[in-house]
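Trainee: What follows is start_25.txt, made up of compact mmCIF, C-alpha atoms:
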# COMPACT_ATOMS: atom_id res chain seq x y z
CA MET A 229 0.00 0.00 0.00
CA PRO A 230 1.46 3.37 -0.94
CA GLU A 231 2.30 5.65 1.95
CA HIS A 232 0.32 8.54 0.50
CA LEU A 233 -3.25 7.86 -0.44
CA PHE A 234 -3.60 11.16 -2.26
CA PRO A 235 -0.97 12.65 -4.55
CA ASP A 236 0.60 15.89 -3.41
CA VAL A 237 -1.30 18.28 -5.69
CA GLU A 238 -3.44 21.36 -5.23
CA SER A 239 -6.60 20.05 -6.93
CA HIS A 240 -8.36 16.71 -7.12
CA LEU A 241 -10.68 16.28 -10.09
CA ILE A 242 -12.93 13.22 -10.31
CA ASP A 243 -14.68 11.49 -13.18
CA THR A 244 -18.09 9.83 -13.05
CA ASN A 245 -16.59 6.33 -12.93
CA LEU A 246 -14.80 7.01 -9.61
CA PHE A 247 -17.96 7.98 -7.73
CA ILE A 248 -19.95 5.10 -9.23
CA ARG A 249 -17.22 2.65 -8.23
CA PHE A 250 -17.63 3.61 -4.56
CA GLU A 251 -21.42 3.71 -4.80
CA ARG A 252 -21.54 0.17 -6.23
CA HIS A 253 -19.46 -1.15 -3.36
CA GLU A 254 -21.51 0.87 -0.85
CA THR A 255 -18.30 2.51 0.37
CA ILE A 256 -19.01 6.19 -0.25
CA ASP A 257 -18.69 6.66 3.53
CA LEU A 258 -15.12 5.35 3.35
CA LEU A 259 -14.32 7.77 0.51
CA GLU A 260 -15.78 10.60 2.60
CA ARG A 261 -13.59 9.68 5.56
CA ALA A 262 -10.46 9.43 3.45
CA VAL A 263 -11.16 12.78 1.78
CA THR A 264 -12.12 14.72 4.90
CA GLU A 265 -9.28 13.28 6.97
CA HIS A 266 -6.86 14.65 4.40
CA ASP A 267 -8.62 18.04 4.18
CA ILE A 268 -9.33 17.52 0.52
CA VAL A 269 -12.27 18.63 -1.61
CA LEU A 270 -13.06 16.56 -4.68
CA LEU A 271 -13.87 18.70 -7.72
CA VAL A 272 -16.62 17.57 -10.07
CA PRO A 273 -17.12 18.95 -13.60
CA GLN A 274 -20.72 19.97 -14.32
CA ARG A 275 -21.13 17.23 -16.88
CA VAL A 276 -20.07 14.63 -14.31
CA TYR A 277 -22.60 16.05 -11.83
CA GLU A 278 -25.33 15.79 -14.47
CA GLU A 279 -24.34 12.20 -15.26
CA LEU A 280 -24.58 11.27 -11.59
CA THR A 281 -28.04 12.85 -11.26
CA PRO A 282 -30.10 11.87 -14.33
CA GLU A 283 -33.63 13.23 -14.40
CA SER A 284 -35.47 10.00 -14.84
CA TYR A 285 -33.74 7.01 -13.41
CA PRO A 286 -35.30 3.94 -11.87
CA TYR A 287 -32.45 3.06 -9.52
CA ASP A 288 -31.04 4.74 -6.45
CA GLN A 289 -28.90 7.71 -7.35
CA PRO A 290 -25.42 8.09 -5.92
CA PRO A 291 -25.46 10.50 -2.94
CA ILE A 292 -23.55 13.27 -4.69
CA ASP A 293 -25.85 15.99 -3.35
CA ASP A 294 -25.22 14.86 0.23
CA ALA A 295 -21.49 15.00 -0.46
CA ILE A 296 -21.79 18.53 -1.85
CA GLU A 297 -23.86 19.63 1.13
CA SER A 298 -21.29 18.16 3.51
CA GLY A 299 -18.62 20.10 1.68
CA TRP A 300 -16.24 17.36 0.57
CA VAL A 301 -17.37 17.50 -3.05
CA GLN A 302 -17.66 20.71 -5.06
CA VAL A 303 -19.15 21.24 -8.52
CA LEU A 304 -16.98 23.35 -10.81
CA ASP A 305 -18.04 26.36 -12.86
CA GLU A 306 -18.67 25.85 -16.53
CA VAL A 307 -15.79 24.90 -18.76
CA ASP A 308 -14.42 27.91 -20.65
CA TYR A 309 -14.87 26.67 -24.20
CA SER A 310 -13.72 30.00 -25.64
CA ASN A 311 -10.23 29.60 -24.18
CA PRO A 312 -7.98 28.15 -26.93
CA VAL A 313 -6.00 25.92 -24.55
CA VAL A 314 -9.25 24.51 -23.16
CA SER A 315 -10.72 23.82 -26.59
CA ALA A 316 -7.43 22.35 -27.86
CA THR A 317 -7.34 20.03 -24.84
CA MET A 318 -10.89 18.89 -25.45
CA ASP A 319 -10.19 18.31 -29.15
CA MET A 320 -7.17 16.18 -28.27
CA VAL A 321 -9.22 14.14 -25.80
CA ARG A 322 -11.81 13.55 -28.50
CA HIS A 323 -9.07 12.30 -30.85
CA TYR A 324 -7.97 9.84 -28.18
CA ILE A 325 -11.46 8.60 -27.37
CA SER A 326 -12.17 8.19 -31.07
CA ALA A 327 -8.94 6.24 -31.64
CA ALA A 328 -9.34 4.04 -28.56
CA THR A 329 -12.98 3.15 -29.18
CA GLU A 330 -12.72 3.00 -32.99
CA ARG A 331 -15.67 5.35 -33.33
CA PRO A 332 -15.69 8.14 -35.95
CA GLU A 333 -14.58 11.38 -34.39
CA HIS A 334 -17.77 13.25 -35.30
CA THR A 335 -19.68 10.86 -32.99
CA ILE A 336 -17.52 11.83 -30.00
CA GLU A 337 -19.17 14.80 -28.34
CA GLN A 338 -17.44 17.80 -26.87
CA ALA A 339 -19.04 16.87 -23.56
CA ASP A 340 -17.22 13.52 -23.61
CA ALA A 341 -14.04 15.51 -23.10
CA GLU A 342 -15.32 17.69 -20.29
CA VAL A 343 -13.01 16.31 -17.58
CA GLY A 344 -10.10 17.46 -19.75
CA GLY A 345 -11.82 20.77 -20.38
CA ALA A 346 -12.34 21.27 -16.65
CA ALA A 347 -8.67 20.55 -15.92
CA ALA A 348 -7.52 22.99 -18.60
CA THR A 349 -9.94 25.66 -17.35
CA LEU A 350 -8.63 25.37 -13.78
CA LEU A 351 -5.05 25.76 -14.99
CA GLU A 352 -5.78 28.56 -17.45
CA ASP A 353 -7.80 30.54 -14.91
CA GLY A 354 -4.87 30.33 -12.54
CA LEU A 355 -6.99 28.57 -9.92
CA THR A 356 -4.48 25.79 -9.47
CA ASN A 357 -1.03 24.72 -10.49
CA SER A 358 -1.31 20.93 -10.15
CA ILE A 359 -4.20 18.52 -10.64
CA ALA A 360 -4.75 14.85 -9.96
CA ILE A 361 -7.41 13.35 -12.22
CA TYR A 362 -9.24 10.34 -10.80
CA THR A 363 -10.59 8.24 -13.65
CA ASN A 364 -10.35 4.84 -15.27
CA ASP A 365 -10.58 6.36 -18.72
CA ARG A 366 -6.96 5.87 -19.68
CA ALA A 367 -7.32 7.04 -23.26
CA ALA A 368 -8.98 10.31 -22.26
CA PHE A 369 -6.32 10.94 -19.63
CA ARG A 370 -3.57 10.40 -22.17
CA GLY A 371 -5.25 13.00 -24.38
CA ILE A 372 -5.42 15.50 -21.50
CA GLU A 373 -1.81 14.91 -20.59
CA ARG A 374 -0.58 15.28 -24.15
CA ALA A 375 -2.61 18.40 -24.94
CA LEU A 376 -1.58 20.19 -21.76
CA SER A 377 2.08 19.33 -22.23
CA GLN A 378 1.88 21.03 -25.62
CA HIS A 379 0.63 24.18 -23.90
CA SER A 380 3.38 24.59 -21.31
CA TYR A 381 1.61 22.53 -18.67
CA GLU A 382 3.93 19.57 -18.73
CA ASN A 383 3.73 17.60 -15.46
CA HIS A 384 0.87 19.70 -14.13
CA VAL A 385 -1.62 16.81 -14.30
CA GLN A 386 -1.30 13.27 -13.04
CA LEU A 387 -3.48 10.21 -13.30
CA VAL A 388 -4.96 8.41 -10.32
CA LYS A 389 -6.37 5.10 -11.55
CA ALA A 390 -9.90 5.13 -10.18
CA PHE A 391 -10.29 1.45 -9.38
CA ASP A 392 -6.84 1.03 -7.80
CA PHE A 393 -7.50 4.12 -5.70
CA ALA A 394 -10.88 2.75 -4.62
CA ASP A 395 -9.34 -0.59 -3.63
CA THR A 396 -6.71 1.20 -1.57
CA VAL A 397 -9.26 3.39 0.24
CA GLU A 398 -11.47 0.38 0.96
CA ASN A 399 -8.58 -1.70 2.26
CA ARG A 400 -7.30 1.07 4.46
CA TYR A 401 -10.59 2.24 5.96
CA GLN A 402 -12.99 -0.66 6.02
CA PHE A 403 -11.82 -2.14 9.32
CA SER A 404 -11.43 1.15 11.14
CA ARG A 405 -14.98 2.42 11.24
CA MET B 510 -29.02 -19.04 -36.59
CA ALA B 511 -26.42 -20.23 -34.15
CA GLU B 512 -22.78 -20.78 -34.92
CA SER B 513 -19.89 -22.30 -33.02
CA ALA B 514 -20.67 -24.21 -29.91
CA LEU B 515 -19.65 -26.62 -27.22
CA SER B 516 -16.99 -28.69 -28.90
CA GLY B 517 -18.46 -31.54 -30.90
CA SER B 518 -22.14 -30.71 -30.46
CA HIS B 519 -24.52 -29.62 -33.13
CA PRO B 520 -25.16 -25.87 -32.78
CA LEU B 521 -28.89 -26.42 -32.41
CA ASP B 522 -28.37 -28.87 -29.53
CA THR B 523 -26.03 -26.40 -27.89
CA MET B 524 -28.52 -23.60 -28.29
CA LEU B 525 -31.26 -25.64 -26.65
CA ALA B 526 -28.94 -26.68 -23.83
CA VAL B 527 -27.75 -23.18 -23.17
CA SER B 528 -31.23 -21.71 -23.25
CA ASP B 529 -32.07 -24.14 -20.46
CA VAL B 530 -29.30 -22.61 -18.35
CA ILE B 531 -30.23 -19.05 -19.27
CA GLN B 532 -33.83 -19.55 -18.20
CA ASN B 533 -33.10 -21.39 -14.99
CA GLU B 534 -31.22 -19.32 -12.45
CA ARG B 535 -30.44 -22.37 -10.30
CA LEU B 536 -28.73 -24.07 -13.22
CA ALA B 537 -26.87 -20.86 -14.08
CA ARG B 538 -25.59 -20.60 -10.50
CA LEU B 539 -24.49 -24.22 -10.60
CA TYR B 540 -22.62 -23.67 -13.88
CA ALA B 541 -20.94 -20.56 -12.36
CA ARG B 542 -19.87 -22.53 -9.28
CA VAL B 543 -18.36 -25.31 -11.37
CA LEU B 544 -16.39 -22.69 -13.32
CA GLU B 545 -15.24 -21.08 -10.10
CA LEU B 546 -14.23 -24.32 -8.36
CA ASP B 547 -12.59 -25.71 -11.50
CA THR B 548 -13.37 -29.45 -11.14
CA PRO B 549 -15.61 -29.90 -8.09
CA THR B 550 -17.51 -32.97 -6.88
CA VAL B 551 -21.26 -32.94 -6.28
CA GLU B 552 -20.56 -32.85 -2.55
CA GLU B 553 -18.33 -29.80 -2.88
CA LEU B 554 -20.97 -28.08 -4.98
CA ALA B 555 -23.74 -28.94 -2.54
CA SER B 556 -21.77 -27.57 0.42
CA ARG B 557 -21.88 -24.12 -1.22
CA SER B 558 -25.48 -24.32 -2.32
CA ALA B 559 -28.85 -23.71 -0.73
CA SER B 560 -30.17 -26.75 -2.59
CA SER B 561 -30.03 -30.27 -1.18
CA GLN B 562 -27.34 -32.67 -2.35
CA THR B 563 -30.00 -34.66 -4.19
CA THR B 564 -31.11 -31.58 -6.13
CA VAL B 565 -27.51 -30.65 -6.94
CA TYR B 566 -26.89 -34.22 -8.08
CA GLU B 567 -29.98 -34.14 -10.34
CA ASP B 568 -28.98 -30.74 -11.74
CA VAL B 569 -25.41 -31.86 -12.41
CA LYS B 570 -26.72 -34.97 -14.13
CA HIS B 571 -28.99 -32.84 -16.28
CA LEU B 572 -26.18 -30.41 -17.21
CA VAL B 573 -23.93 -33.33 -18.15
CA GLU B 574 -26.68 -34.83 -20.31
CA ILE B 575 -27.18 -31.60 -22.22
CA GLY B 576 -23.41 -31.18 -22.58
CA VAL B 577 -22.88 -28.02 -20.53
CA LEU B 578 -20.87 -29.87 -17.87
CA LYS B 579 -18.44 -32.69 -18.46
CA ARG B 580 -17.48 -35.54 -16.14
CA VAL B 581 -13.69 -35.62 -15.92
CA THR B 582 -13.09 -38.67 -13.69
CA ASP B 583 -13.52 -42.41 -14.22
CA SER B 584 -14.24 -43.39 -10.62
CA GLN B 585 -16.21 -42.08 -7.64
CA PRO B 586 -16.42 -39.43 -6.36
CA HIS B 587 -16.77 -37.92 -9.78
CA ARG B 588 -15.50 -34.48 -10.66
CA TYR B 589 -17.03 -32.16 -13.23
CA SER B 590 -15.76 -29.32 -15.36
CA ALA B 591 -17.69 -26.58 -17.14
CA ARG B 592 -17.57 -26.49 -20.90
CA ARG B 593 -16.64 -23.09 -22.32
CA VAL B 594 -19.81 -22.06 -24.06
CA ASP B 595 -19.21 -19.86 -27.06
CA MET B 596 -22.12 -19.19 -29.38
CA THR B 597 -23.04 -16.40 -31.71
CA ILE B 598 -26.72 -15.94 -32.38
CA GLN B 599 -27.79 -13.79 -35.26
CA THR B 600 -31.27 -12.36 -35.47
CA GLY B 601 -31.89 -10.03 -38.37
CA GLU B 602 -29.29 -7.29 -38.02
CA GLU B 603 -28.27 -8.02 -34.45
CA THR B 604 -25.85 -10.61 -33.19
CA PHE B 605 -25.58 -11.83 -29.62
CA GLN B 606 -22.78 -13.74 -28.02
CA ILE B 607 -23.44 -16.38 -25.41
CA THR B 608 -20.35 -16.88 -23.31
CA PRO B 609 -19.48 -18.25 -19.86
CA THR B 610 -19.44 -14.62 -18.70
CA LEU B 611 -23.10 -14.22 -19.63
CA LEU B 612 -24.05 -17.35 -17.71
CA VAL B 613 -22.07 -16.25 -14.66
CA ALA B 614 -23.63 -12.78 -14.81
CA LEU B 615 -27.10 -14.33 -14.96
CA ALA B 616 -26.19 -16.54 -12.02
CA GLN B 617 -25.45 -13.42 -9.97
CA ARG B 618 -28.84 -11.85 -10.60
CA ASP B 619 -30.28 -12.60 -7.20
CA SER B 620 -27.20 -11.39 -5.34
CA ASN B 621 -26.45 -8.33 -7.47
CA ASP B 622 -29.14 -5.64 -7.67
CA ASN B 623 -27.48 -3.79 -10.53
CA ILE B 624 -27.43 -6.87 -12.77
CA GLU B 625 -30.97 -7.82 -11.75
CA LEU B 626 -32.31 -4.36 -12.60
CA TYR B 627 -30.42 -4.27 -15.89
CA VAL B 628 -31.93 -7.58 -16.99
CA GLU B 629 -35.38 -6.41 -15.90
CA ARG B 630 -35.05 -3.33 -18.07
CA HIS B 631 -33.13 -4.73 -21.04
CA GLU B 632 -33.73 -8.50 -21.01
CA VAL B 633 -31.03 -11.15 -21.34
CA SER B 634 -30.21 -9.92 -24.85
CA GLY B 635 -29.45 -6.46 -23.41
CA LEU B 636 -27.12 -8.03 -20.86
CA ALA B 637 -25.36 -10.00 -23.62
CA THR B 638 -24.85 -6.74 -25.52
CA ALA B 639 -23.60 -5.01 -22.36
CA ILE B 640 -21.01 -7.77 -21.90
CA GLU B 641 -19.58 -6.98 -25.32
CA TYR B 642 -19.34 -3.31 -24.35
CA ALA B 643 -17.79 -4.33 -21.03
CA ARG B 644 -15.15 -6.44 -22.74
CA ALA B 645 -14.08 -3.38 -24.75
CA TYR B 646 -14.37 -1.15 -21.64
CA THR B 647 -12.05 -3.46 -19.71
CA LYS B 648 -9.47 -3.02 -22.48
CA SER B 649 -9.94 0.81 -22.41
CA GLU B 650 -11.65 0.60 -25.80
CA MET B 651 -15.08 1.80 -24.67
CA THR B 652 -16.54 4.49 -22.42
CA ALA B 653 -19.86 4.63 -20.60
CA ARG B 654 -20.72 7.82 -22.49
CA ILE B 655 -20.49 6.13 -25.87
CA MET B 656 -22.37 3.05 -24.69
CA ALA B 657 -25.07 5.32 -23.21
CA ARG B 658 -25.56 7.08 -26.54
CA GLU B 659 -25.52 3.93 -28.64
CA GLN B 660 -27.87 2.01 -26.35
CA GLU B 661 -29.99 5.05 -25.44
CA ILE B 662 -29.61 4.66 -21.69
CA PRO B 663 -28.36 7.08 -19.00
CA VAL B 664 -24.57 7.31 -18.51
CA LEU B 665 -25.10 6.33 -14.87
CA GLU B 666 -26.76 3.09 -15.92
CA ALA B 667 -24.09 2.35 -18.54
CA GLU B 668 -21.17 3.03 -16.19
CA THR B 669 -22.75 0.95 -13.44
CA ILE B 670 -23.33 -2.15 -15.56
CA LEU B 671 -19.94 -1.82 -17.28
CA GLN B 672 -18.20 -1.86 -13.91
CA GLU B 673 -20.26 -4.79 -12.60
CA LEU B 674 -19.53 -6.80 -15.74
CA GLN B 675 -15.86 -5.88 -15.76
CA GLU B 676 -15.46 -7.52 -12.37
CA ILE B 677 -17.05 -10.72 -13.72
CA LEU B 678 -15.03 -10.60 -16.95
CA LEU B 679 -11.74 -10.30 -15.09
CA ASP B 680 -12.77 -13.30 -13.04
CA VAL B 681 -14.07 -15.54 -15.83
CA GLU B 682 -12.00 -14.63 -18.90
CA ASP B 683 -8.40 -15.39 -18.02
CA GLU B 684 -6.99 -13.95 -21.20
CA ILE B 685 -8.49 -10.48 -20.84
CA SER B 686 -6.08 -7.72 -19.87
CA THR B 687 -6.62 -4.20 -18.57
CA GLU B 688 -3.28 -3.07 -19.97
CA ILE B 689 -3.44 -0.30 -22.53
CA ASP B 690 -0.84 0.24 -25.24
CA ILE B 691 -0.30 4.00 -24.96
CA GLU B 692 2.32 4.08 -27.72
CA ALA B 693 0.00 2.42 -30.22
CA LEU B 694 -2.77 4.81 -29.19
CA ASP B 695 -0.42 7.82 -29.63
CA ALA B 696 0.45 6.54 -33.11
CA ASP B 697 -3.24 6.18 -34.03
CA VAL B 698 -3.92 9.74 -32.91
CA ASP B 699 -0.84 11.03 -34.79
CA GLU B 700 -2.24 9.47 -37.92
CA GLN B 701 -5.65 10.99 -37.28
CA ILE B 702 -4.38 14.50 -36.78
CA GLY B 703 -1.71 14.18 -39.45
CA GLU B 704 1.33 14.87 -37.27
Would you kindly transcribe this structure into C-alpha cells?

Mentor:
Amino acid sequence: MPEHLFPDVESHLIDTNLFIRFERHETIDLLERAVTEHDIVLLVPQRVYEELTPESYPYDQPPIDDAIESGWVQVLDEVDYSNPVVSATMDMVRHYISAATERPEHTIEQADAEVGGAAATLLEDGLTNSIAIYTNDRAAFRGIERALSQHSYENHVQLVKAFDFADTVENRYQFSR
Amino acid sequence: MAESALSGSHPLDTMLAVSDVIQNERLARLYARVLELDTPTVEELASRSASSQTTVYEDVKHLVEIGVLKRVTDSQPHRYSARRVDMTIQTGEETFQITPTLLVALAQRDSNDNIELYVERHEVSGLATAIEYARAYTKSEMTARIMAREQEIPVLEAETILQELQEILLDVEDEISTEIDIEALDADVDEQIGE
C-alpha cells in the first residue's frame, strides 16, 4: 500500500466512474472519511454532476448531493470553451477517445471531453497549479496529458487510476470504522 | 441461426442446452460454481449451495446430459468441469454472443441488484450486448458515455453495468487484460491529426 493515499497536488478532479465505483461497493462513507481526513475537496465537472443525477432514473442515485452539502465535493463552474488551450485540450481528448474506441470522431461529443476541459480551465484561470485526475478512462487521460504538455503545462496533471485508488481506500478504511 | 458451440455438439443442440441454463437461475448458478471451483464434486458443490445434495446431483446430471458440464473422472467421487460455451446468435441485423461470462452474470442476478435491474429493463439480450461493451471497456476501448448514446440509456446506468460486468469478466475470462498500449494509441492519434 502506498504511503500517501492522495498525490501531493493542489486540486483533485474526479470522473463519473470514480464515484460510481464507490457507490456500487456501498463505500461512499469510506471515501468521505479518506477525503475529509486529508482536508481535501473533490472537484466535479458539471457534466459529471449531471451524469450522476439523471432526471429519470429507476435506480437509487449516488449520494452526490449529500457529499456537496457536507462540503467534501464541489461542482466546478462551466468549462471555458472560448479559451484556446481549453478547446485544444478537449479536441485532443476527443481524438484519443475516437482512436481508442474506434468510433468516428464526429460521434464523439465535446461533452465527452469535459473532464479534460475542466482541468484545462482550472489551470488557465490560474486557480491551481497541479491537478490529480481520478478516472479509469486511460485514453482520455492520455489526451489531456498530451494536450496540456503542448501548452506549457507539462507535469501539471497526473493520473490516479480510479479502481486502484478505490481498492486502496477500501482496504485502508474498512476495518477502522 | 447459431454458430460455433460446445466442442463436438450440433449448434442447435447447444442452443437448446444453453437456453435451459439461461432460463433457470439455479442451473446458471451451478454452472458458475463449477467454473469457479474448476473441477468440483457434487458434494463440494452442494456444500456451497442452498439446494439439497439430491437436487444438486440431479442438476449436475442434467447439465452433463445436455453437454454443458463434463465428467472428468472415471471413478467415484466424480468431478465435473464446465464447458466453455461460445455461441453467436444472429437475429436479423443483431448478433448476440453467449459466453461463460453471460451465464455467470445471470447466475449473480439474485445477489447483485445492478445486474438484476439491468436484466429487468433490457432482457437477457441487453445483458449479452452489455457484456460486449464491457469487454471493450475493460481493455480501455469503450466508455460509458459512448455506450449510453448507442444504447440510449443514462450514462449512470451504462457506467454501473460496465463496472459490474468488468469484475465478472476479469474473473471468468483469463486472457483479458486491462493493460493499454499507450504508444499504439499515440500513433493512431498522430495518424488521425496528421502529425

Trainee: Using all atoms listed in the file, find the residues of chain B whose closest atom to chain A is at most 7 Å away, then write them as an NGL selection string.

Mentor: :B and (649-651 or 654 or 663-665 or 668-669 or 694 or 697-698)

Trainee: In Å, how far is it from atom CA of A:Gly354 to atom CA of A:Asp308?

Mentor: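 Distance reported for this atom pair: 12.8 Å.
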
Trainee: Could you pull the residues within 10 Å of B:Tyr642, counting only C-alpha atoms, minus those fewer than 2 positions along the same chain, as a list of chain:residue names?

Mentor: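 My reading of the contact set: B:Leu636, B:Ala637, B:Thr638, B:Ala639, B:Ile640, B:Arg644, B:Ala645, B:Tyr646, B:Thr647, B:Glu650, B:Met651, B:Thr652, B:Ala653, B:Ile655, B:Met656, B:Ala667, B:Ile670, B:Leu671, B:Leu674, B:Gln675.
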
Trainee: Work out how far atom CA of A:Gly299 is from atom CA of A:Asn357, in Å to one decimal.

Mentor: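 Atom CA of A:Asn357 sits 21.9 Å away from atom CA of A:Gly299.
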
Trainee: Please identify all polymer residues within 10 Å of B:Glu553, counting all atoms listed in the file, omitting same-chain residues fewer than 3 positions from it, and present them as a ChimeraX atom specification.

Mentor: /B:542-543,546,548-550,556-558,562,588

Trainee: Go ahead and write the residues just picked, C-alpha atoms, as an mmCIF file, in the frame of the given file.

Mentor:
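Wrote it out as again25.cif, contents follow:
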data_model
loop_
_atom_site.group_PDB
_atom_site.id
_atom_site.type_symbol
_atom_site.label_atom_id
_atom_site.label_comp_id
_atom_site.auth_asym_id
_atom_site.auth_seq_id
_atom_site.Cartn_x
_atom_site.Cartn_y
_atom_site.Cartn_z
ATOM 1 C CA ARG B 542 -19.870 -22.530 -9.280
ATOM 2 C CA VAL B 543 -18.360 -25.310 -11.370
ATOM 3 C CA LEU B 546 -14.230 -24.320 -8.360
ATOM 4 C CA THR B 548 -13.370 -29.450 -11.140
ATOM 5 C CA PRO B 549 -15.610 -29.900 -8.090
ATOM 6 C CA THR B 550 -17.510 -32.970 -6.880
ATOM 7 C CA SER B 556 -21.770 -27.570 0.420
ATOM 8 C CA ARG B 557 -21.880 -24.120 -1.220
ATOM 9 C CA SER B 558 -25.480 -24.320 -2.320
ATOM 10 C CA GLN B 562 -27.340 -32.670 -2.350
ATOM 11 C CA ARG B 588 -15.500 -34.480 -10.660
#

Trainee: Using atom CA of A:Ile292 and atom CA of A:Ile361 as the two end points, give the distance in Å to one decimal.

Mentor: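 Result for atom CA of A:Ile292 versus atom CA of A:Ile361: 17.8 Å, one decimal.
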
Trainee: Neighbours of A:Leu233 within 9 Å (only C-alpha atoms; same-chain residues fewer than 6 positions away dropped), as a PyMOL selection string?

Mentor: chain A and resi 262+393+396-397

Trainee: Could stretch 564-571 of chain B be completed with all heavy atoms and returned as a compact mmCIF listing (two decimals), in the coordinates of the input?

Mentor:
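And here is the file that came out, result_34.txt:
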# COMPACT_ATOMS: atom_id res chain seq x y z
N THR B 564 -30.79 -32.53 -5.06
CA THR B 564 -31.11 -31.58 -6.13
C THR B 564 -29.86 -31.25 -6.93
O THR B 564 -29.90 -31.22 -8.17
CB THR B 564 -31.70 -30.28 -5.53
OG1 THR B 564 -32.80 -30.63 -4.69
CG2 THR B 564 -32.16 -29.33 -6.62
N VAL B 565 -28.76 -30.98 -6.23
CA VAL B 565 -27.51 -30.65 -6.94
C VAL B 565 -27.11 -31.83 -7.83
O VAL B 565 -26.73 -31.63 -8.99
CB VAL B 565 -26.38 -30.30 -5.94
CG1 VAL B 565 -25.06 -30.12 -6.67
CG2 VAL B 565 -26.73 -29.02 -5.17
N TYR B 566 -27.24 -33.04 -7.29
CA TYR B 566 -26.89 -34.22 -8.08
C TYR B 566 -27.75 -34.29 -9.35
O TYR B 566 -27.24 -34.52 -10.46
CB TYR B 566 -27.06 -35.50 -7.25
CG TYR B 566 -26.81 -36.75 -8.06
CD1 TYR B 566 -25.50 -37.15 -8.36
CD2 TYR B 566 -27.88 -37.51 -8.56
CE1 TYR B 566 -25.27 -38.27 -9.14
CE2 TYR B 566 -27.65 -38.62 -9.34
CZ TYR B 566 -26.35 -39.01 -9.63
OH TYR B 566 -26.12 -40.10 -10.42
N GLU B 567 -29.07 -34.10 -9.18
CA GLU B 567 -29.98 -34.14 -10.34
C GLU B 567 -29.61 -33.05 -11.36
O GLU B 567 -29.60 -33.30 -12.56
CB GLU B 567 -31.44 -33.94 -9.87
CG GLU B 567 -32.00 -35.11 -9.08
CD GLU B 567 -32.11 -36.39 -9.93
OE1 GLU B 567 -32.38 -36.26 -11.13
OE2 GLU B 567 -31.89 -37.49 -9.38
N ASP B 568 -29.32 -31.85 -10.85
CA ASP B 568 -28.98 -30.74 -11.74
C ASP B 568 -27.67 -31.01 -12.49
O ASP B 568 -27.56 -30.75 -13.69
CB ASP B 568 -28.85 -29.42 -10.95
CG ASP B 568 -30.22 -28.88 -10.53
OD1 ASP B 568 -31.24 -29.36 -11.04
OD2 ASP B 568 -30.25 -27.95 -9.69
N VAL B 569 -26.69 -31.55 -11.77
CA VAL B 569 -25.41 -31.86 -12.41
C VAL B 569 -25.63 -32.90 -13.51
O VAL B 569 -25.13 -32.77 -14.63
CB VAL B 569 -24.37 -32.36 -11.38
CG1 VAL B 569 -23.16 -33.00 -12.07
CG2 VAL B 569 -23.90 -31.21 -10.49
N LYS B 570 -26.44 -33.91 -13.16
CA LYS B 570 -26.72 -34.97 -14.13
C LYS B 570 -27.37 -34.38 -15.38
O LYS B 570 -26.98 -34.71 -16.51
CB LYS B 570 -27.67 -35.99 -13.46
CG LYS B 570 -27.72 -37.32 -14.16
CD LYS B 570 -28.54 -38.33 -13.35
CE LYS B 570 -29.32 -39.22 -14.29
NZ LYS B 570 -30.64 -39.57 -13.82
N HIS B 571 -28.31 -33.48 -15.16
CA HIS B 571 -28.99 -32.84 -16.28
C HIS B 571 -28.01 -32.02 -17.13
O HIS B 571 -28.00 -32.11 -18.37
CB HIS B 571 -30.11 -31.93 -15.74
CG HIS B 571 -30.81 -31.13 -16.80
ND1 HIS B 571 -31.56 -31.71 -17.80
CD2 HIS B 571 -30.85 -29.79 -17.03
CE1 HIS B 571 -32.04 -30.77 -18.59
NE2 HIS B 571 -31.63 -29.59 -18.14
